[in-house]
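run29.cif (mmCIF, C-alpha atoms and all ligand atoms)
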```
data_target
loop_
_atom_site.label_atom_id
_atom_site.label_comp_id
_atom_site.auth_asym_id
_atom_site.auth_seq_id
_atom_site.Cartn_x
_atom_site.Cartn_y
_atom_site.Cartn_z
CA MET B 1 105.72 77.59 112.67
CA PRO B 2 104.57 73.95 113.27
CA ALA B 3 106.74 71.96 115.71
CA GLU B 4 109.12 69.48 114.10
CA ASP B 5 107.69 66.69 116.30
CA PRO B 6 104.12 66.30 115.00
CA GLY B 7 102.97 65.08 118.44
CA ARG B 8 103.77 68.49 119.91
CA ARG B 9 102.25 71.93 119.43
CA ARG B 10 104.69 74.79 119.22
CA VAL B 11 104.02 78.03 121.10
CA VAL B 12 106.20 80.94 120.02
CA VAL B 13 106.64 83.85 122.41
CA ALA B 14 107.29 86.84 120.16
CA ASP B 15 109.60 89.46 121.62
CA ASP B 16 107.45 92.31 120.40
CA GLY B 17 103.83 91.32 120.71
CA PRO B 18 101.63 88.25 120.72
CA VAL B 19 102.19 84.61 121.61
CA LEU B 20 101.78 82.48 118.48
CA VAL B 21 99.96 79.19 118.95
CA GLU B 22 99.18 76.48 116.41
CA GLY B 23 95.44 76.45 115.86
CA PRO B 24 92.66 75.60 116.06
CA VAL B 25 92.43 76.55 119.74
CA GLU B 26 89.87 77.38 122.40
CA ILE B 27 90.89 80.26 124.65
CA ASP B 28 89.13 80.32 128.03
CA LEU B 29 88.87 83.71 129.69
CA PRO B 30 88.64 84.59 133.40
CA ASP B 31 84.99 85.62 133.05
CA GLY B 32 84.08 82.08 131.99
CA SER B 33 83.67 82.86 128.29
CA SER B 34 85.73 81.16 125.57
CA VAL B 35 86.93 82.26 122.18
CA LEU B 36 87.33 79.69 119.40
CA ALA B 37 90.07 80.45 116.86
CA ASP B 38 90.26 78.14 113.86
CA ARG B 39 93.13 79.48 111.81
CA PRO B 40 96.37 77.46 111.39
CA VAL B 41 98.32 79.95 113.53
CA VAL B 42 96.63 82.05 116.22
CA ALA B 43 98.18 85.22 117.70
CA VAL B 44 97.19 85.61 121.35
CA CYS B 45 97.45 89.19 122.64
CA THR B 46 99.80 89.74 125.57
CA CYS B 47 99.73 93.55 125.70
CA ARG B 48 95.98 93.70 126.49
CA ARG B 49 95.55 96.67 124.18
CA SER B 50 93.82 94.68 121.43
CA SER B 51 90.27 95.62 120.52
CA ILE B 52 89.66 91.94 119.67
CA TYR B 53 91.27 90.62 122.89
CA PRO B 54 92.29 87.80 123.52
CA LEU B 55 93.45 87.86 119.87
CA CYS B 56 96.15 90.26 118.67
CA ASP B 57 95.13 93.12 116.34
CA THR B 58 98.61 94.75 116.16
CA SER B 59 97.68 97.39 118.76
CA HIS B 60 100.96 96.44 120.52
CA ARG B 61 102.81 98.43 117.84
CA GLY B 62 104.60 101.60 118.80
CA ARG B 63 103.23 104.90 117.57
CA ARG B 64 104.96 108.06 116.49
CA ARG B 65 104.41 111.21 114.50
CA ARG B 66 103.69 110.83 110.83
CA ARG B 67 106.34 109.21 108.66
CA LYS B 68 104.28 108.95 105.52
CA GLU B 69 100.87 108.05 104.23
CA ASN B 70 99.31 104.76 105.16
CA PRO B 71 96.89 102.84 102.98
CA MET O 72 82.73 86.64 113.49
CA THR O 73 79.71 85.31 111.68
CA THR O 74 78.33 85.45 108.21
CA THR O 75 74.97 84.16 107.11
CA LEU O 76 75.00 84.86 103.38
CA PRO O 77 73.97 81.76 101.42
CA PRO O 78 76.75 80.34 99.24
CA ALA O 79 76.32 81.35 95.63
CA ALA O 80 76.17 78.52 93.10
CA GLU O 81 79.56 78.53 91.41
CA ARG O 82 79.79 79.25 87.73
CA LEU O 83 82.72 79.88 85.45
CA ASP O 84 83.50 83.58 85.71
CA ARG O 85 85.69 84.99 82.92
CA PRO O 86 85.89 88.69 82.12
CA ARG O 87 85.25 90.33 78.78
CA LEU O 88 87.88 92.52 77.15
CA PRO O 89 87.33 96.14 78.28
CA ALA O 90 87.42 99.20 76.03
CA PRO O 91 91.02 100.38 75.40
CA ARG O 92 92.36 103.61 76.98
CA GLY O 93 94.94 104.51 74.34
CA GLU O 94 97.39 103.25 71.74
CA LEU O 95 99.01 100.45 73.78
CA SER O 96 95.83 98.99 75.24
CA ALA O 97 94.19 99.18 71.80
CA ALA O 98 97.14 97.29 70.32
CA VAL O 99 96.89 94.62 73.06
CA CYS O 100 93.13 94.24 72.46
CA ASP O 101 93.91 93.80 68.80
CA LEU O 102 96.52 91.10 69.54
CA LEU O 103 94.09 89.31 71.85
CA ARG O 104 91.43 89.30 69.15
CA GLY O 105 93.89 87.52 66.87
CA GLY O 106 95.36 90.59 65.14
CA THR O 107 98.88 90.33 63.74
CA GLY O 108 99.77 94.02 63.39
CA SER O 109 103.05 95.33 64.81
CA PHE O 110 103.09 96.54 68.41
CA PRO O 111 103.78 100.26 68.96
CA GLU O 112 107.01 101.57 70.52
CA VAL O 113 106.50 101.49 74.30
CA THR O 114 109.05 103.99 75.61
CA PRO O 115 107.29 107.23 74.54
CA SER O 116 104.28 106.44 76.71
CA ASP O 117 103.82 107.36 80.40
CA PRO O 118 105.01 104.31 82.37
CA PHE O 119 102.43 105.04 85.09
CA GLY O 120 99.72 106.07 82.62
CA HIS O 121 96.32 104.44 82.38
CA ASP O 122 96.97 103.19 78.84
CA LEU O 123 100.18 101.28 79.64
CA GLN O 124 98.89 99.95 82.96
CA LEU O 125 95.66 98.68 81.40
CA ALA O 126 97.58 97.15 78.48
CA LEU O 127 99.90 95.37 80.93
CA ALA O 128 96.93 94.23 83.03
CA LEU O 129 95.30 92.70 79.93
CA THR O 130 98.42 90.72 79.03
CA SER O 131 98.79 89.68 82.73
CA GLU O 132 95.20 88.52 82.95
CA LEU O 133 96.00 85.78 80.45
CA HIS O 134 97.96 84.12 83.31
CA TYR O 135 94.85 84.15 85.52
CA ARG O 136 91.39 83.60 84.06
CA GLY O 137 91.92 84.87 80.53
CA PHE O 138 89.08 86.60 78.69
CA GLU O 139 85.84 85.44 77.21
CA GLY O 140 86.38 84.88 73.50
CA VAL O 141 90.20 85.14 73.72
CA ASP O 142 92.36 82.13 72.83
CA ASP O 143 94.06 80.82 76.02
CA ASP O 144 97.13 79.92 73.99
CA LEU O 145 97.90 83.62 73.51
CA GLU O 146 99.25 83.59 77.10
CA TRP O 147 102.69 82.60 75.79
CA ALA O 148 102.37 83.73 72.16
CA PRO O 149 105.68 85.43 71.21
CA ALA O 150 104.02 88.70 70.16
CA VAL O 151 102.13 88.94 73.46
CA VAL O 152 105.19 87.98 75.50
CA ALA O 153 107.28 90.61 73.70
CA ALA O 154 104.69 93.34 74.29
CA ARG O 155 104.28 92.36 77.95
CA HIS O 156 108.02 92.32 78.52
CA ALA O 157 108.62 95.70 76.87
CA MET O 158 105.85 97.36 78.91
CA ALA O 159 106.99 95.70 82.15
CA ASP O 160 110.60 96.85 81.65
CA HIS O 161 109.51 100.42 80.91
CA TYR O 162 107.34 100.44 84.04
CA LEU O 163 110.01 98.83 86.27
CA ALA O 164 112.70 101.28 85.20
CA ALA O 165 110.45 104.25 85.98
CA LEU O 166 109.47 102.76 89.32
CA ARG O 167 113.06 102.13 90.39
CA ALA O 168 113.87 105.75 89.57
CA GLU O 169 111.18 106.91 92.02
CA LEU O 170 112.35 104.76 94.97
CA PRO O 171 115.13 105.28 97.53
CA GLY O 172 116.33 101.64 97.14
CA GLY O 173 118.99 100.18 99.43
CA ASP O 174 119.18 96.81 101.15
CA ASP O 175 118.65 97.62 104.84
CA LEU O 176 115.64 95.37 105.21
CA ASP O 177 115.49 95.54 109.04
CA ASP O 178 115.25 99.30 108.87
CA VAL O 179 112.47 99.33 106.24
CA VAL O 180 110.48 96.68 108.14
CA ALA O 181 110.91 98.49 111.48
CA ASP O 182 109.55 101.63 109.85
CA LEU O 183 106.45 99.78 108.62
CA LEU O 184 105.76 98.39 112.09
CA VAL O 185 105.25 101.79 113.66
CA GLU O 186 101.78 103.27 113.43
CA PRO O 187 101.77 106.99 112.66
CA ALA O 188 100.04 108.95 115.40
CA ASP O 189 98.57 111.33 112.81
CA GLY O 190 98.19 109.19 109.70
CA THR O 191 96.25 110.16 106.60
CA GLY O 192 94.92 108.05 103.77
CA ILE O 193 91.79 106.40 102.47
CA SER O 194 91.05 104.27 105.56
CA TYR O 195 91.43 107.29 107.87
CA HIS O 196 89.08 109.30 105.65
CA LEU O 197 86.48 106.53 105.46
CA ALA O 198 86.68 105.85 109.23
CA GLY O 199 86.22 109.53 110.02
CA GLU O 200 83.96 111.28 107.52
CA GLY O 201 83.78 109.37 104.22
CA THR O 202 80.41 108.47 102.69
CA ALA O 203 78.93 105.07 101.84
CA ALA O 204 79.29 105.94 98.14
CA GLN O 205 83.01 106.64 98.62
CA PHE O 206 83.41 103.35 100.49
CA ALA O 207 81.78 101.53 97.56
CA GLU O 208 84.07 103.31 95.06
CA TYR O 209 87.10 102.23 97.06
CA VAL O 210 85.88 98.63 97.08
CA ALA O 211 85.18 98.69 93.31
CA HIS O 212 88.78 99.82 92.63
CA ARG O 213 90.25 97.28 95.04
CA ALA O 214 88.27 94.44 93.41
CA HIS O 215 91.00 94.14 90.79
CA TYR O 216 93.26 92.76 93.53
CA HIS O 217 90.84 91.15 95.96
CA ARG O 218 88.82 89.15 93.44
CA LYS O 219 92.11 87.35 92.77
CA GLU O 220 93.38 87.81 96.32
CA ALA O 221 96.54 85.75 97.05
CA ASP O 222 96.82 84.53 93.42
CA PRO O 223 99.65 86.94 92.40
CA GLN O 224 101.70 85.73 95.39
CA SER O 225 101.26 82.07 94.47
CA TRP O 226 103.58 82.44 91.45
CA VAL O 227 106.57 82.80 93.77
CA VAL O 228 106.03 79.50 95.64
CA PRO O 229 108.11 77.24 93.33
CA ARG O 230 110.87 79.90 93.30
CA LEU O 231 111.47 79.44 97.04
CA GLN O 232 112.86 76.46 98.90
CA GLY O 233 112.48 74.90 102.33
CA ALA O 234 111.46 76.99 105.32
CA ALA O 235 110.54 80.17 103.42
CA LYS O 236 108.28 78.19 101.10
CA ALA O 237 106.57 76.43 104.03
CA GLY O 238 106.02 79.76 105.82
CA LEU O 239 104.61 81.47 102.77
CA VAL O 240 102.22 78.63 102.01
CA THR O 241 100.96 78.73 105.64
CA VAL O 242 99.73 82.26 104.95
CA GLN O 243 98.39 81.39 101.49
CA HIS O 244 96.40 78.48 102.97
CA ASP O 245 94.63 80.98 105.24
CA GLU O 246 94.05 83.44 102.34
CA TYR O 247 92.47 80.60 100.37
CA GLY O 248 90.04 79.84 103.21
CA ALA O 249 92.00 76.96 104.81
CA GLY O 250 90.12 74.43 102.70
CA ARG O 251 86.72 76.14 102.73
CA ALA O 252 85.81 77.87 99.46
CA ALA O 253 83.22 80.08 101.20
CA ALA O 254 85.96 81.44 103.50
CA MET O 255 88.41 82.35 100.72
CA HIS O 256 89.26 86.01 101.07
CA SER O 257 88.36 86.55 97.40
CA THR O 258 84.92 85.06 98.16
CA LEU O 259 84.46 87.19 101.30
CA PHE O 260 85.26 90.20 99.11
CA ALA O 261 82.59 89.17 96.57
CA ASP O 262 80.05 88.81 99.42
CA MET O 263 80.91 92.35 100.50
CA MET O 264 80.53 93.67 96.93
CA THR O 265 77.06 92.13 96.69
CA GLU O 266 76.08 93.66 100.04
CA LEU O 267 77.28 97.08 98.86
CA GLY O 268 75.22 96.84 95.66
CA LEU O 269 78.33 96.34 93.51
CA ASP O 270 78.76 93.79 90.72
CA PRO O 271 80.96 90.96 92.12
CA THR O 272 81.60 89.50 88.66
CA TYR O 273 85.34 88.98 88.16
CA GLY O 274 86.68 91.98 86.22
CA ALA O 275 83.39 93.92 86.29
CA TYR O 276 85.17 97.25 86.99
CA LEU O 277 88.38 96.59 85.06
CA ASP O 278 87.62 99.35 82.52
CA ARG O 279 87.32 101.95 85.32
CA THR O 280 89.87 100.76 87.89
CA SER O 281 92.47 103.28 89.05
CA ARG O 282 95.73 102.99 87.13
CA TRP O 283 97.49 102.74 90.52
CA VAL O 284 95.58 99.58 91.49
CA LEU O 285 96.35 98.17 88.02
CA ALA O 286 99.99 99.15 88.64
CA GLU O 287 100.04 97.33 91.99
CA VAL O 288 98.69 94.05 90.63
CA ASN O 289 100.81 94.32 87.47
CA LEU O 290 103.87 94.58 89.68
CA GLN O 291 102.81 91.62 91.84
CA THR O 292 102.27 89.49 88.74
CA LEU O 293 105.47 90.41 86.98
CA CYS O 294 107.63 90.00 90.11
CA GLY O 295 105.99 86.64 90.83
CA LEU O 296 106.70 85.41 87.31
CA ARG O 297 110.28 86.65 87.01
CA ARG O 298 112.70 84.56 88.99
CA SER O 299 115.15 87.48 89.16
CA LEU O 300 112.46 89.48 91.02
CA ARG O 301 111.44 86.80 93.53
CA GLY O 302 112.78 88.93 96.40
CA ALA O 303 110.53 91.80 95.29
CA SER O 304 107.59 89.41 95.04
CA VAL O 305 108.09 88.39 98.68
CA GLY O 306 108.55 92.07 99.59
CA LEU O 307 105.22 92.99 98.00
CA PHE O 308 103.57 90.12 99.87
CA ALA O 309 105.15 91.23 103.15
CA LEU O 310 103.96 94.80 102.63
CA VAL O 311 100.33 93.69 102.36
CA GLU O 312 100.60 91.54 105.48
CA LEU O 313 102.55 94.07 107.57
CA THR O 314 100.26 97.04 106.91
CA SER O 315 96.82 95.47 106.54
CA SER O 316 95.68 94.99 110.17
CA PRO O 317 95.54 98.63 111.33
CA GLY O 318 94.04 99.83 108.02
CA SER O 319 91.44 97.06 108.13
CA ALA O 320 90.52 98.06 111.71
CA ARG O 321 89.77 101.59 110.43
CA LEU O 322 87.62 100.12 107.65
CA VAL O 323 85.70 98.04 110.24
CA ARG O 324 85.01 101.32 112.05
CA ALA O 325 83.89 102.90 108.77
CA ALA O 326 81.59 99.97 107.98
CA ARG O 327 80.00 100.18 111.44
CA ARG O 328 79.62 103.96 111.36
CA LEU O 329 78.02 103.83 107.89
CA GLU O 330 75.99 100.68 108.78
CA LEU O 331 77.12 98.91 105.62
CA GLY O 332 76.25 95.40 106.80
CA PRO O 333 77.72 92.15 108.14
CA ALA O 334 79.59 90.96 105.02
CA THR O 335 81.43 94.29 104.77
CA GLU O 336 82.36 94.25 108.44
CA ARG O 337 83.39 90.63 108.15
CA PHE O 338 85.81 91.14 105.26
CA TYR O 339 87.78 93.77 107.14
CA ALA O 340 87.41 92.17 110.61
CA GLU O 341 88.81 88.94 109.15
CA HIS O 342 91.82 90.93 107.92
CA VAL O 343 92.40 92.58 111.30
CA GLU O 344 92.68 89.16 112.91
CA ALA O 345 94.32 87.19 110.08
CA ASP O 346 96.92 89.77 109.15
CA ALA O 347 98.06 90.23 112.76
CA VAL O 348 99.09 86.57 112.41
CA HIS O 349 100.32 86.84 108.82
CA GLU O 350 102.66 89.69 109.75
CA GLN O 351 104.36 87.47 112.34
CA VAL O 352 104.59 84.50 109.98
CA LEU O 353 105.97 86.66 107.16
CA ARG O 354 108.69 88.12 109.34
CA ARG O 355 109.69 84.97 111.27
CA ASP O 356 108.97 82.13 108.89
CA VAL O 357 109.41 83.73 105.45
CA LEU O 358 111.76 86.75 105.49
CA ARG O 359 114.13 85.37 108.13
CA PRO O 360 114.79 81.95 106.47
CA LEU O 361 114.76 83.48 102.96
CA LEU O 362 117.46 86.02 103.83
CA ALA O 363 119.47 83.45 105.79
CA LEU O 364 119.57 81.28 102.67
CA GLU O 365 119.93 84.01 100.04
CA PRO O 366 121.19 87.21 101.72
CA GLU O 367 121.64 88.86 98.31
CA LEU O 368 117.83 89.01 97.97
CA ALA O 369 117.62 91.80 100.59
CA ALA O 370 117.67 94.59 97.98
CA GLY O 371 114.87 92.86 96.06
CA VAL O 372 112.70 92.53 99.16
CA VAL O 373 113.31 96.21 99.94
CA LEU O 374 112.35 97.05 96.34
CA GLY O 375 109.05 95.19 96.78
CA LEU O 376 108.28 96.91 100.08
CA GLN O 377 109.11 100.37 98.71
CA ALA O 378 107.39 99.87 95.35
CA GLY O 379 104.21 98.56 96.97
CA SER O 380 104.14 101.57 99.31
CA TYR O 381 104.75 103.93 96.40
CA VAL O 382 101.87 102.75 94.23
CA GLY O 383 99.60 102.45 97.29
CA ASP O 384 100.30 106.04 98.29
CA ARG O 385 99.59 107.31 94.74
CA PHE O 386 96.24 105.46 94.78
CA SER O 387 95.38 107.03 98.12
CA GLU O 388 96.28 110.53 96.85
CA GLU O 389 94.21 110.03 93.70
CA LEU O 390 91.04 109.06 95.57
CA LEU O 391 91.42 111.70 98.28
CA ALA O 392 91.99 114.40 95.62
CA HIS O 393 88.76 113.44 93.87
CA TRP O 394 86.80 113.35 97.11
CA ALA O 395 88.24 116.66 98.33
CA GLU O 396 86.70 118.25 95.24
CA GLY O 397 83.42 116.40 95.73
CA ARG O 398 83.96 114.30 92.58
CA PRO O 399 83.58 110.49 92.43
CA SER O 400 86.75 108.56 91.57
CA LEU O 401 84.85 106.17 89.31
CA THR O 402 81.28 105.76 88.07
CA LEU O 403 79.49 102.81 89.58
CA ASP O 404 76.68 102.64 87.00
CA ALA O 405 76.75 99.71 84.61
CA ALA O 406 79.19 100.36 81.77
S1 LIG B 501 99.91 91.63 121.49
FE1 LIG B 501 99.22 92.43 119.60
S2 LIG B 501 97.57 93.68 120.20
FE2 LIG B 501 98.27 92.90 122.10
FE FE B 502 93.54 88.29 102.82
FE FE B 503 96.81 88.21 104.89
#
```
Spell out the structure here as structure tokens.
Ligand code: FES
Ligand SMILES: [Fe+2]
Ligand SMILES: [Fe+2]
Amino acid sequence: MPAEDPGRRRVVVADDGPVLVEGPVEIDLPDGSSVLADRPVVAVCTCRRSSIYPLCDTSHRGRRRRRKENP
Amino acid sequence: MTTTLPPAAERLDRPRLPAPRGELSAAVCDLLRGGTGSFPEVTPSDPFGHDLQLALALTSELHYRGFEGVDDDLEWAPAVVAARHAMADHYLAALRAELPGGDDLDDVVADLLVEPADGTGISYHLAGEGTAAQFAEYVAHRAHYHRKEADPQSWVVPRLQGAAKAGLVTVQHDEYGAGRAAAMHSTLFADMMTELGLDPTYGAYLDRTSRWVLAEVNLQTLCGLRRSLRGASVGLFALVELTSSPGSARLVRAARRLELGPATERFYAEHVEADAVHEQVLRRDVLRPLLALEPELAAGVVLGLQAGSYVGDRFSEELLAHWAEGRPSLTLDAA
């Protein structure tokens, strides 16, 4: 995940969900609030379905009828 | 996310040997107390039975913290190694026979990334109608993994090279608190246990833990320590990271509904957020480079994903069956 050039931060646009950013980051929101995320990689939600927006909580995943039990 | 629990003063925490559950676990206890008797034939016993799984867990624990009063050198003593290997082979053969197998990793992963619209399982039950006592039982069973969270996956690190190793360690760094002992997931789990009135001592519930949780950790340990099963080790790791976020979100809902407290909410909220990231890192930065380098590991990774799902589903069925009959799945009173 980290960029090969240590002077640069890599941002990975996933094809199926969040944008991955090297942390720690501060995310400023339109309402003036900010969210601090300290982990080494931060997943920023792009689908706006996350219940912990602006961070991804995997709510972007597709849903379908039951395949099997989940833990 | 906040937590305000004071850090506990750290002390050396080593479990005591639990009471045996049958012939094999009794024989292992005997070996660990310095006995020199011959080890019983393994194949007649139920490979998924409590006796074999506890016996295997006791020999595995020598690789982690060992036991109070047990010689650390027994970890690699030939008699212990032979017993461990025979039990592991018997278990692995039975497990393989239960699984569909194959090597279509993309297909298995795609299946795990779809949330069932009408799922069932422990987290659904606890989010919807489970009781605080059932939540605590679940946590007491899961302690066998979470009090050594991330440790079973660390065995595989030197068996990987380059990009896959770097990706895997990125996730492990986060599991181990990114340099802060108080933020280690195993520590957050202990904080939750204390809040729930459980004993956070390492191994406190080992004698009562579901055989299916023992089976899960036994598999993680043995795959991590056998180079030939390194693909399965990564598969087991990936399964945890791919499925944890949605299940943890349901457990956050359960904790809020049952008003269990901030440490309990925090443990699962941390896993909603962290594992949404870990899933991405596992797929992009571990599985992709690993399979590019060693494509023949695909069947092993699939084995890990399927085996982890299998034992997890059996654990879920066991607890839900107890609760459906109004029976606890383990006693929480001091042993
Ligand atoms: S991108 Fe993952 S929840 Fe929105
Ligand atoms: Fe974790
Ligand atoms: Fe994780």
Requested in this report: Give the residue list for ligand LIG 501 (chain B) at 6 Å, counting all atoms listed in the file, as a PyMOL selection string, sorted by chain and then by residue number.
Outcome: chain B and resi 17-18+45-50+56-60
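In this model, the gap between CA of Asp346 (chain O) and CA of Thr314 (chain O) comes to 8.3 Å.
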Within 8 Å of ligand FE 502 (chain B), which residues of chain O come that close, and what is the closest atom pair and distance in Å for each? Count only C-alpha atoms and all ligand atoms and give it as JSON lines.
```
{"residue": "O:His217", "atom": "CA", "partner": "B:FE502", "partner_atom": "FE", "distance": 7.9}
{"residue": "O:Glu220", "atom": "CA", "partner": "B:FE502", "partner_atom": "FE", "distance": 6.5}
{"residue": "O:Ala221", "atom": "CA", "partner": "B:FE502", "partner_atom": "FE", "distance": 7.0}
{"residue": "O:Asp245", "atom": "CA", "partner": "B:FE502", "partner_atom": "FE", "distance": 7.8}
{"residue": "O:Glu246", "atom": "CA", "partner": "B:FE502", "partner_atom": "FE", "distance": 4.9}
{"residue": "O:His256", "atom": "CA", "partner": "B:FE502", "partner_atom": "FE", "distance": 5.2}
{"residue": "O:Ser257", "atom": "CA", "partner": "B:FE502", "partner_atom": "FE", "distance": 7.7}
{"residue": "O:Glu341", "atom": "CA", "partner": "B:FE502", "partner_atom": "FE", "distance": 7.9}
{"residue": "O:His342", "atom": "CA", "partner": "B:FE502", "partner_atom": "FE", "distance": 6.0}
{"residue": "O:Ala345", "atom": "CA", "partner": "B:FE502", "partner_atom": "FE", "distance": 7.4}
{"residue": "O:Asp346", "atom": "CA", "partner": "B:FE502", "partner_atom": "FE", "distance": 7.3}
```
Report task. Tell me which protein, DNA and RNA residues are within 10 Å of Arg167 (chain O), counting all atoms listed in the file, leaving out same-chain ones fewer than 3 positions away, and put them as a PyMOL selection string. Result -> chain O and resi 162-164+170-172+374+377-378
Requested in this report: Tell me the residues of chain O close to chain B, meaning within 10 Å using all atoms listed in the file, as a count of residues only.
Outcome: 54
Query raised in the report: If we count only C-alpha atoms, what is near region 100-104 of chain O at a cut-off of 9 Å, once residues fewer than 2 positions away on the same chain are taken out, given as a ChimeraX atom specification?
Result: /O:88-91,95-98,106-108,110,126,129-130,138,140-142,145,150-151
Could you turn the residues from that selection into a file that holds C-alpha atoms, as a PDB file, in the frame of the given file?
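And here is the file that came out, again_3.pdb:
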```
ATOM      1  CA  LEU O  88      87.880  92.520  77.150  1.00  0.00           C
ATOM      2  CA  PRO O  89      87.330  96.140  78.280  1.00  0.00           C
ATOM      3  CA  ALA O  90      87.420  99.200  76.030  1.00  0.00           C
ATOM      4  CA  PRO O  91      91.020 100.380  75.400  1.00  0.00           C
ATOM      5  CA  LEU O  95      99.010 100.450  73.780  1.00  0.00           C
ATOM      6  CA  SER O  96      95.830  98.990  75.240  1.00  0.00           C
ATOM      7  CA  ALA O  97      94.190  99.180  71.800  1.00  0.00           C
ATOM      8  CA  ALA O  98      97.140  97.290  70.320  1.00  0.00           C
ATOM      9  CA  GLY O 106      95.360  90.590  65.140  1.00  0.00           C
ATOM     10  CA  THR O 107      98.880  90.330  63.740  1.00  0.00           C
ATOM     11  CA  GLY O 108      99.770  94.020  63.390  1.00  0.00           C
ATOM     12  CA  PHE O 110     103.090  96.540  68.410  1.00  0.00           C
ATOM     13  CA  ALA O 126      97.580  97.150  78.480  1.00  0.00           C
ATOM     14  CA  LEU O 129      95.300  92.700  79.930  1.00  0.00           C
ATOM     15  CA  THR O 130      98.420  90.720  79.030  1.00  0.00           C
ATOM     16  CA  PHE O 138      89.080  86.600  78.690  1.00  0.00           C
ATOM     17  CA  GLY O 140      86.380  84.880  73.500  1.00  0.00           C
ATOM     18  CA  VAL O 141      90.200  85.140  73.720  1.00  0.00           C
ATOM     19  CA  ASP O 142      92.360  82.130  72.830  1.00  0.00           C
ATOM     20  CA  LEU O 145      97.900  83.620  73.510  1.00  0.00           C
ATOM     21  CA  ALA O 150     104.020  88.700  70.160  1.00  0.00           C
ATOM     22  CA  VAL O 151     102.130  88.940  73.460  1.00  0.00           C
TER      23      VAL O 151
END
```
Query - Shell around Trp394 (chain O) at 12 Å using all atoms listed in the file, local window under 2 positions removed, as a count of residues only - result: 24
Box dimensions and centre (Å, one decimal) enclosing region 150-163 of chain O, axis-aligned, 8 Å extra per side, as JSON:
```
{"center_x": 106.4, "center_y": 94.2, "center_z": 78.2, "size_x": 24.5, "size_y": 28.5, "size_z": 32.1}
```
